[in-house]
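Student: input_6.cif is reproduced below (mmCIF, C-alpha atoms).
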```cif
data_data
loop_
_atom_site.group_PDB
_atom_site.id
_atom_site.type_symbol
_atom_site.label_atom_id
_atom_site.label_comp_id
_atom_site.auth_asym_id
_atom_site.auth_seq_id
_atom_site.Cartn_x
_atom_site.Cartn_y
_atom_site.Cartn_z
ATOM 1 C CA MET A 1 4.234 14.706 1.623
ATOM 2 C CA LYS A 2 3.547 11.649 3.743
ATOM 3 C CA LYS A 3 2.508 11.995 7.377
ATOM 4 C CA ASN A 4 3.991 9.737 10.067
ATOM 5 C CA ILE A 5 1.048 8.134 11.905
ATOM 6 C CA GLY A 6 3.233 6.165 14.304
ATOM 7 C CA SER A 7 3.414 2.415 14.734
ATOM 8 C CA ALA A 8 0.283 1.404 12.789
ATOM 9 C CA LEU A 9 -0.607 -2.071 11.593
ATOM 10 C CA ALA A 10 -1.211 -1.160 7.950
ATOM 11 C CA LEU A 11 -1.256 -4.490 6.095
ATOM 12 C CA TYR A 12 -5.045 -4.680 5.853
ATOM 13 C CA PRO A 13 -7.330 -5.737 4.244
ATOM 14 C CA THR A 14 -6.877 -9.478 4.814
ATOM 15 C CA PRO A 15 -9.084 -12.447 3.941
ATOM 16 C CA THR A 16 -11.857 -13.130 6.423
ATOM 17 C CA VAL A 17 -11.913 -16.740 7.623
ATOM 18 C CA VAL A 18 -13.734 -18.876 10.153
ATOM 19 C CA VAL A 19 -11.399 -21.117 12.096
ATOM 20 C CA GLY A 20 -12.799 -24.387 13.350
ATOM 21 C CA ALA A 21 -11.528 -26.922 15.890
ATOM 22 C CA MET A 22 -13.145 -29.877 17.563
ATOM 23 C CA ASN A 23 -14.300 -29.553 21.180
ATOM 24 C CA GLY A 24 -14.891 -33.222 21.887
ATOM 25 C CA GLU A 25 -17.711 -34.244 19.533
ATOM 26 C CA LYS A 26 -18.735 -30.660 18.666
ATOM 27 C CA PRO A 27 -17.046 -27.981 16.589
ATOM 28 C CA ALA A 28 -15.922 -24.647 17.976
ATOM 29 C CA TRP A 29 -15.855 -21.680 15.560
ATOM 30 C CA THR A 30 -14.405 -18.185 15.561
ATOM 31 C CA LEU A 31 -14.036 -15.420 12.991
ATOM 32 C CA VAL A 32 -10.426 -14.486 12.262
ATOM 33 C CA ALA A 33 -8.849 -11.741 10.184
ATOM 34 C CA HIS A 34 -5.304 -11.990 11.536
ATOM 35 C CA VAL A 35 -4.061 -14.487 8.978
ATOM 36 C CA GLY A 36 -0.909 -14.632 6.937
ATOM 37 C CA ILE A 37 1.338 -16.572 4.631
ATOM 38 C CA ILE A 38 4.801 -17.265 6.009
ATOM 39 C CA GLY A 39 6.103 -19.401 3.167
ATOM 40 C CA HIS A 40 4.881 -21.645 0.400
ATOM 41 C CA ASP A 41 4.143 -24.361 2.946
ATOM 42 C CA ARG A 42 3.037 -22.506 6.107
ATOM 43 C CA ILE A 43 0.278 -20.122 7.192
ATOM 44 C CA LEU A 44 -0.245 -18.162 10.387
ATOM 45 C CA ILE A 45 -3.478 -17.833 12.331
ATOM 46 C CA SER A 46 -3.204 -15.250 15.110
ATOM 47 C CA LEU A 47 -5.793 -15.282 17.888
ATOM 48 C CA ALA A 48 -6.118 -13.282 21.078
ATOM 49 C CA SER A 49 -4.933 -15.499 23.928
ATOM 50 C CA ALA A 50 -8.334 -15.286 25.613
ATOM 51 C CA HIS A 51 -10.201 -16.929 22.698
ATOM 52 C CA TYR A 52 -12.179 -19.978 23.824
ATOM 53 C CA ILE A 53 -11.149 -22.003 20.754
ATOM 54 C CA ASN A 54 -7.420 -21.755 21.526
ATOM 55 C CA GLN A 55 -7.574 -24.531 24.124
ATOM 56 C CA PHE A 56 -8.944 -26.984 21.536
ATOM 57 C CA ILE A 57 -6.373 -25.972 18.933
ATOM 58 C CA ASN A 58 -3.578 -26.390 21.478
ATOM 59 C CA GLU A 59 -4.950 -29.763 22.608
ATOM 60 C CA LYS A 60 -5.471 -31.380 19.183
ATOM 61 C CA LYS A 61 -2.905 -29.388 17.159
ATOM 62 C CA LYS A 62 -5.440 -29.285 14.304
ATOM 63 C CA LEU A 63 -7.698 -26.569 12.885
ATOM 64 C CA SER A 64 -9.657 -25.719 9.771
ATOM 65 C CA VAL A 65 -9.484 -22.424 7.918
ATOM 66 C CA ASN A 66 -12.745 -21.726 6.090
ATOM 67 C CA ILE A 67 -12.688 -18.856 3.590
ATOM 68 C CA VAL A 68 -15.710 -16.562 4.010
ATOM 69 C CA ASP A 69 -17.678 -15.478 0.965
ATOM 70 C CA GLU A 70 -20.572 -13.046 0.933
ATOM 71 C CA GLY A 71 -23.168 -15.821 1.244
ATOM 72 C CA MET A 72 -21.875 -16.972 4.635
ATOM 73 C CA LEU A 73 -20.916 -13.558 6.021
ATOM 74 C CA PRO A 74 -23.884 -13.175 8.433
ATOM 75 C CA GLU A 75 -23.063 -16.456 10.218
ATOM 76 C CA ALA A 76 -19.331 -15.729 10.147
ATOM 77 C CA ASP A 77 -19.869 -12.298 11.669
ATOM 78 C CA PHE A 78 -22.023 -13.874 14.395
ATOM 79 C CA VAL A 79 -19.365 -16.422 15.433
ATOM 80 C CA GLY A 80 -16.919 -13.533 15.718
ATOM 81 C CA SER A 81 -19.228 -11.462 17.913
ATOM 82 C CA VAL A 82 -19.909 -13.909 20.772
ATOM 83 C CA SER A 83 -17.612 -16.046 22.895
ATOM 84 C CA GLY A 84 -17.830 -19.823 22.733
ATOM 85 C CA ALA A 85 -17.339 -19.799 26.507
ATOM 86 C CA ARG A 86 -20.806 -18.203 26.844
ATOM 87 C CA VAL A 87 -22.653 -19.305 23.687
ATOM 88 C CA ASP A 88 -22.698 -22.731 22.029
ATOM 89 C CA LYS A 89 -21.826 -21.883 18.413
ATOM 90 C CA SER A 90 -21.447 -25.522 17.322
ATOM 91 C CA GLU A 91 -24.668 -25.542 15.278
ATOM 92 C CA VAL A 92 -24.209 -22.217 13.463
ATOM 93 C CA PHE A 93 -22.743 -23.989 10.416
ATOM 94 C CA ALA A 94 -23.532 -27.332 8.809
ATOM 95 C CA TYR A 95 -20.197 -29.132 8.714
ATOM 96 C CA GLU A 96 -18.490 -32.409 8.007
ATOM 97 C CA LEU A 97 -15.192 -33.767 9.247
ATOM 98 C CA GLY A 98 -12.292 -33.600 6.842
ATOM 99 C CA GLU A 99 -9.712 -36.316 6.366
ATOM 100 C CA ALA A 100 -7.554 -34.776 9.132
ATOM 101 C CA GLY A 101 -10.501 -34.661 11.556
ATOM 102 C CA THR A 102 -11.201 -30.934 11.508
ATOM 103 C CA PRO A 103 -14.663 -29.422 11.013
ATOM 104 C CA ILE A 104 -15.211 -28.218 7.439
ATOM 105 C CA ILE A 105 -18.031 -25.729 6.898
ATOM 106 C CA CYS A 106 -20.248 -27.053 4.088
ATOM 107 C CA LYS A 107 -21.139 -23.506 2.977
ATOM 108 C CA ALA A 108 -17.481 -22.358 2.748
ATOM 109 C CA PRO A 109 -16.216 -22.251 -0.841
ATOM 110 C CA LEU A 110 -12.682 -23.228 0.272
ATOM 111 C CA THR A 111 -11.385 -24.903 3.420
ATOM 112 C CA MET A 112 -7.841 -25.779 4.461
ATOM 113 C CA GLU A 113 -7.237 -28.435 7.104
ATOM 114 C CA CYS A 114 -4.100 -27.581 9.014
ATOM 115 C CA SER A 115 -1.720 -29.063 11.572
ATOM 116 C CA VAL A 116 -0.175 -26.740 14.129
ATOM 117 C CA VAL A 117 3.608 -27.053 13.898
ATOM 118 C CA ASP A 118 4.534 -24.196 16.236
ATOM 119 C CA VAL A 119 2.975 -21.501 18.407
ATOM 120 C CA TYR A 120 4.468 -18.024 18.597
ATOM 121 C CA ASN A 121 3.321 -16.081 21.656
ATOM 122 C CA THR A 122 3.333 -12.315 21.925
ATOM 123 C CA PRO A 123 1.656 -10.230 24.643
ATOM 124 C CA GLY A 124 -2.043 -11.058 24.445
ATOM 125 C CA PHE A 125 -1.829 -13.265 21.322
ATOM 126 C CA GLU A 126 -1.159 -16.849 20.299
ATOM 127 C CA SER A 127 -0.069 -17.197 16.696
ATOM 128 C CA PHE A 128 -0.447 -20.690 15.333
ATOM 129 C CA ILE A 129 2.064 -21.626 12.646
ATOM 130 C CA CYS A 130 0.365 -24.275 10.515
ATOM 131 C CA SER A 131 1.162 -26.661 7.714
ATOM 132 C CA ILE A 132 -1.638 -27.352 5.249
ATOM 133 C CA ASP A 133 -2.788 -30.985 5.250
ATOM 134 C CA ASN A 134 -5.712 -30.784 2.812
ATOM 135 C CA THR A 135 -7.478 -28.119 0.778
ATOM 136 C CA TYR A 136 -11.101 -28.571 -0.256
ATOM 137 C CA VAL A 137 -12.576 -26.308 -2.951
ATOM 138 C CA GLU A 138 -15.985 -26.237 -4.589
ATOM 139 C CA GLU A 139 -15.338 -27.333 -8.165
ATOM 140 C CA GLU A 140 -17.045 -24.239 -9.595
ATOM 141 C CA HIS A 141 -14.115 -22.246 -8.150
ATOM 142 C CA LEU A 142 -11.384 -24.181 -9.975
ATOM 143 C CA ASN A 143 -9.999 -23.005 -13.299
ATOM 144 C CA GLU A 144 -9.171 -25.225 -16.271
ATOM 145 C CA THR A 145 -5.770 -26.133 -14.753
ATOM 146 C CA GLY A 146 -7.213 -27.077 -11.347
ATOM 147 C CA LYS A 147 -6.108 -23.893 -9.551
ATOM 148 C CA VAL A 148 -8.369 -21.799 -7.327
ATOM 149 C CA ASN A 149 -10.166 -19.084 -9.296
ATOM 150 C CA TYR A 150 -10.561 -16.170 -6.886
ATOM 151 C CA ARG A 151 -12.539 -14.210 -9.493
ATOM 152 C CA THR A 152 -15.429 -16.633 -8.940
ATOM 153 C CA LEU A 153 -14.734 -17.458 -5.279
ATOM 154 C CA ARG A 154 -14.619 -13.773 -4.271
ATOM 155 C CA PRO A 155 -13.486 -13.997 -0.626
ATOM 156 C CA VAL A 156 -14.627 -11.298 1.781
ATOM 157 C CA LEU A 157 -11.823 -9.064 3.036
ATOM 158 C CA PHE A 158 -11.619 -7.448 6.471
ATOM 159 C CA GLU A 159 -10.224 -3.955 7.003
ATOM 160 C CA PHE A 160 -9.092 -3.597 10.611
ATOM 161 C CA PRO A 161 -8.899 0.130 11.360
ATOM 162 C CA THR A 162 -12.529 0.699 10.305
ATOM 163 C CA TYR A 163 -13.915 -2.803 11.079
ATOM 164 C CA GLU A 164 -15.444 -3.066 7.606
ATOM 165 C CA TYR A 165 -15.930 -6.010 5.261
ATOM 166 C CA LEU A 166 -14.885 -5.450 1.645
ATOM 167 C CA LYS A 167 -15.547 -7.233 -1.637
ATOM 168 C CA THR A 168 -12.609 -8.326 -3.710
ATOM 169 C CA GLY A 169 -11.961 -6.037 -6.623
ATOM 170 C CA ASP A 170 -11.367 -6.084 -10.326
ATOM 171 C CA ILE A 171 -8.260 -7.419 -12.034
ATOM 172 C CA ILE A 172 -5.879 -4.605 -12.917
ATOM 173 C CA GLY A 173 -3.102 -6.659 -14.475
ATOM 174 C CA LYS A 174 -1.024 -9.814 -14.356
ATOM 175 C CA CYS A 175 1.805 -10.108 -11.842
ATOM 176 C CA LEU A 176 5.220 -9.287 -13.338
ATOM 177 C CA SER A 177 3.619 -7.718 -16.411
ATOM 178 C CA PHE A 178 4.507 -4.104 -15.621
ATOM 179 C CA LYS A 179 8.197 -4.347 -16.520
ATOM 180 C CA GLN A 180 9.813 -1.023 -17.224
ATOM 181 C CA GLU A 181 12.498 -0.395 -19.768
ATOM 182 C CA LYS A 182 15.916 0.158 -18.185
ATOM 183 C CA ARG A 183 16.739 3.825 -18.224
#
```
Could you spell out this file's structure in structure tokens?
Tutor:
Amino acid sequence: MKKNIGSALALYPTPTVVVGAMNGEKPAWTLVAHVGIIGHDRILISLASAHYINQFINEKKKLSVNIVDEGMLPEADFVGSVSGARVDKSEVFAYELGEAGTPIICKAPLTMECSVVDVYNTPGFESFICSIDNTYVEEEHLNETGKVNYRTLRPVLFEFPTYEYLKTGDIIGKCLSFKQEKR
């Protein structure tokens, strides 16, 4: 029998990402695990309203979403543990500017440059609805048809209730392959 645990956010784990935005000539970074897909052409990045980086995202309407793999996890965890209002995090990652002008972490295996098309505010949070302008992927993480191969990329996942990072798991089957005979 299932137990009712109340109104619990139970859609974790989610991919761990570092969001970047330009603060003048320097990048601002923050670790984010409140991310989502809201269609085939839009993603959502949800940040606490108090985040230092929000002002730069709101000003420029541009941000980068850098997928975290295990090799960059220590730096990613650091940028999520201190506020940019108190600590200059601009030099934590080597970066270059993408075609849309957002900071792209060189060490990130995959980065999406995004334009903010809407902001959805809820108490204590700003959720940025974004279109994807460009996606940059290390070639070693593309399959023979040019699609992202997550078996080699292996993004780090974040599990909210326990604040733990998880590795992606094994393949258990192909989507839509578990068809059942009609009874």
Student: Translate the PyMOL selection byres ((chain A and resi 82) around 12) into a concrete residue list for this structure, as a PDB file with C-alpha atoms, in the frame of the given file.
Tutor:
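Just written: out05.pdb:
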```
ATOM      1  CA  ALA A  28     -15.922 -24.647  17.976  1.00  0.00           C
ATOM      2  CA  TRP A  29     -15.855 -21.680  15.560  1.00  0.00           C
ATOM      3  CA  THR A  30     -14.405 -18.185  15.561  1.00  0.00           C
ATOM      4  CA  LEU A  31     -14.036 -15.420  12.991  1.00  0.00           C
ATOM      5  CA  HIS A  51     -10.201 -16.929  22.698  1.00  0.00           C
ATOM      6  CA  TYR A  52     -12.179 -19.978  23.824  1.00  0.00           C
ATOM      7  CA  ILE A  53     -11.149 -22.003  20.754  1.00  0.00           C
ATOM      8  CA  GLU A  75     -23.063 -16.456  10.218  1.00  0.00           C
ATOM      9  CA  ALA A  76     -19.331 -15.729  10.147  1.00  0.00           C
ATOM     10  CA  ASP A  77     -19.869 -12.298  11.669  1.00  0.00           C
ATOM     11  CA  PHE A  78     -22.023 -13.874  14.395  1.00  0.00           C
ATOM     12  CA  VAL A  79     -19.365 -16.422  15.433  1.00  0.00           C
ATOM     13  CA  GLY A  80     -16.919 -13.533  15.718  1.00  0.00           C
ATOM     14  CA  SER A  81     -19.228 -11.462  17.913  1.00  0.00           C
ATOM     15  CA  SER A  83     -17.612 -16.046  22.895  1.00  0.00           C
ATOM     16  CA  GLY A  84     -17.830 -19.823  22.733  1.00  0.00           C
ATOM     17  CA  ALA A  85     -17.339 -19.799  26.507  1.00  0.00           C
ATOM     18  CA  ARG A  86     -20.806 -18.203  26.844  1.00  0.00           C
ATOM     19  CA  VAL A  87     -22.653 -19.305  23.687  1.00  0.00           C
ATOM     20  CA  ASP A  88     -22.698 -22.731  22.029  1.00  0.00           C
ATOM     21  CA  LYS A  89     -21.826 -21.883  18.413  1.00  0.00           C
ATOM     22  CA  VAL A  92     -24.209 -22.217  13.463  1.00  0.00           C
TER      23      VAL A  92
END
```
Student: How close does region 68-154 of chain A get to region 38-47 of chain A? List, as JSON lines, each residue of region 68-154 of chain A within 10 Å, its nearest atom pair and the distance in Å to one decimal, counting only C-alpha atoms.
Tutor:
```
{"residue": "A:Cys114", "atom": "CA", "partner": "A:Ile43", "partner_atom": "CA", "distance": 8.8}
{"residue": "A:Ser115", "atom": "CA", "partner": "A:Arg42", "partner_atom": "CA", "distance": 9.8}
{"residue": "A:Val116", "atom": "CA", "partner": "A:Leu44", "partner_atom": "CA", "distance": 9.4}
{"residue": "A:Val117", "atom": "CA", "partner": "A:Arg42", "partner_atom": "CA", "distance": 9.0}
{"residue": "A:Asp118", "atom": "CA", "partner": "A:Leu44", "partner_atom": "CA", "distance": 9.7}
{"residue": "A:Val119", "atom": "CA", "partner": "A:Leu44", "partner_atom": "CA", "distance": 9.3}
{"residue": "A:Tyr120", "atom": "CA", "partner": "A:Ser46", "partner_atom": "CA", "distance": 8.9}
{"residue": "A:Asn121", "atom": "CA", "partner": "A:Ser46", "partner_atom": "CA", "distance": 9.3}
{"residue": "A:Thr122", "atom": "CA", "partner": "A:Ser46", "partner_atom": "CA", "distance": 9.9}
{"residue": "A:Gly124", "atom": "CA", "partner": "A:Leu47", "partner_atom": "CA", "distance": 8.7}
{"residue": "A:Phe125", "atom": "CA", "partner": "A:Leu47", "partner_atom": "CA", "distance": 5.6}
{"residue": "A:Glu126", "atom": "CA", "partner": "A:Leu47", "partner_atom": "CA", "distance": 5.5}
{"residue": "A:Ser127", "atom": "CA", "partner": "A:Ser46", "partner_atom": "CA", "distance": 4.0}
{"residue": "A:Phe128", "atom": "CA", "partner": "A:Ile45", "partner_atom": "CA", "distance": 5.1}
{"residue": "A:Ile129", "atom": "CA", "partner": "A:Leu44", "partner_atom": "CA", "distance": 4.7}
{"residue": "A:Cys130", "atom": "CA", "partner": "A:Ile43", "partner_atom": "CA", "distance": 5.3}
{"residue": "A:Ser131", "atom": "CA", "partner": "A:Arg42", "partner_atom": "CA", "distance": 4.8}
{"residue": "A:Ile132", "atom": "CA", "partner": "A:Arg42", "partner_atom": "CA", "distance": 6.8}
{"residue": "A:Asp133", "atom": "CA", "partner": "A:Asp41", "partner_atom": "CA", "distance": 9.9}
```
Student: In Å, rounded to a single decimal, give me how far CA of Ile37 (chain A) is from CA of Leu11 (chain A).
Tutor: 12.4 Å
Student: Expressed in Å to a single decimal, how great is the separation between CA of Ile171 (chain A) and CA of Leu153 (chain A)?
Tutor: 13.7 Å
Student: When you count all atoms listed in the file, which of these residues is closest to Asn134 (chain A): A:Pro103, A:Pro109, A:Gly98, A:Pro15?
Tutor: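 Of the candidates, the smallest distance to Asn134 (chain A) is held by A:Gly98.
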Student: Which of these, A:Ala48, A:Asp69, A:His34, A:Tyr136, has the shortest distance to Leu9 (chain A) once you count all atoms listed in the file?
Tutor: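 Selected residue with least distance to Leu9 (chain A): A:His34.
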Student: Have a look at CA of Lys61 (chain A) and CA of Tyr150 (chain A) and let me know their distance in Å, one decimal.
Tutor: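 Taking CA of Lys61 (chain A) and CA of Tyr150 (chain A), their separation equals 28.5 Å.
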Student: Counting only C-alpha atoms, which of A:Asn23, A:Thr16, A:Ser49, A:Ser177 gets nearest to Leu110 (chain A)?
Tutor: A:Thr16
Student: Please put the answer as AutoDock Vina command-line options: centre and edge lengths, in Å with one decimal, of a box along x, y and z that encloses all listed atoms of region 16-35 of chain A plus 6 Å on each side.
Tutor:
```
--center_x -11.4 --center_y -23.0 --center_z 14.2 --size_x 26.7 --size_y 34.5 --size_z 27.5
```
Student: Return the single residue from A:Ile105, A:Val68, A:Val35, A:Glu91 that is closest to Gly20 (chain A), with distances computed using all atoms listed in the file.
Tutor: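 Closest to Gly20 (chain A) of all the choices is A:Ile105.
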Student: Could you tell me which residues the PyMOL selection byres ((chain A and resi 60) around 9) grabs in this file, written as a JSON list (two decimals) with C-alpha atoms, in the coordinates of the input?
Tutor:
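Printed below is selection-v6.json as written:
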```
[["chain", "number", "residue", "atom", "x", "y", "z"],
["A", 21, "ALA", "CA", -11.53, -26.92, 15.89],
["A", 22, "MET", "CA", -13.14, -29.88, 17.56],
["A", 55, "GLN", "CA", -7.57, -24.53, 24.12],
["A", 56, "PHE", "CA", -8.94, -26.98, 21.54],
["A", 57, "ILE", "CA", -6.37, -25.97, 18.93],
["A", 58, "ASN", "CA", -3.58, -26.39, 21.48],
["A", 59, "GLU", "CA", -4.95, -29.76, 22.61],
["A", 61, "LYS", "CA", -2.90, -29.39, 17.16],
["A", 62, "LYS", "CA", -5.44, -29.28, 14.30],
["A", 63, "LEU", "CA", -7.70, -26.57, 12.88],
["A", 115, "SER", "CA", -1.72, -29.06, 11.57],
["A", 116, "VAL", "CA", -0.18, -26.74, 14.13]]
```
Student: With all atoms listed in the file as the basis for distance, which of A:Pro74, A:Lys26, A:Cys175, A:Leu142 is at the shortest distance from Leu97 (chain A)?
Tutor: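 Between A:Pro74, A:Lys26, A:Cys175, A:Leu142, the residue approaching Leu97 (chain A) most closely is A:Lys26.
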Student: Around the point (-13.7, -18.2, -9.0) in the file's coordinates, collect all residues with an atom within 12 Å, using only C-alpha atoms, and return them as an NGL selection string.
Tutor: :A and (69 or 109-110 or 137-144 or 146-155 or 168)
Student: Which residue out of A:Leu166, A:Ala50, A:Ala10, A:Met1 has the minimum interatomic distance to Leu73 (chain A) when all atoms listed in the file are used?
Tutor: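 Nearest candidate to Leu73 (chain A) out of A:Leu166, A:Ala50, A:Ala10, A:Met1: A:Leu166.
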Student: Would you write out, as a PyMOL selection string, every residue that the PyMOL selection byres ((chain A and resi 65) around 8) captures in this file?
Tutor: chain A and resi 17-20+63-64+66-67+111-114
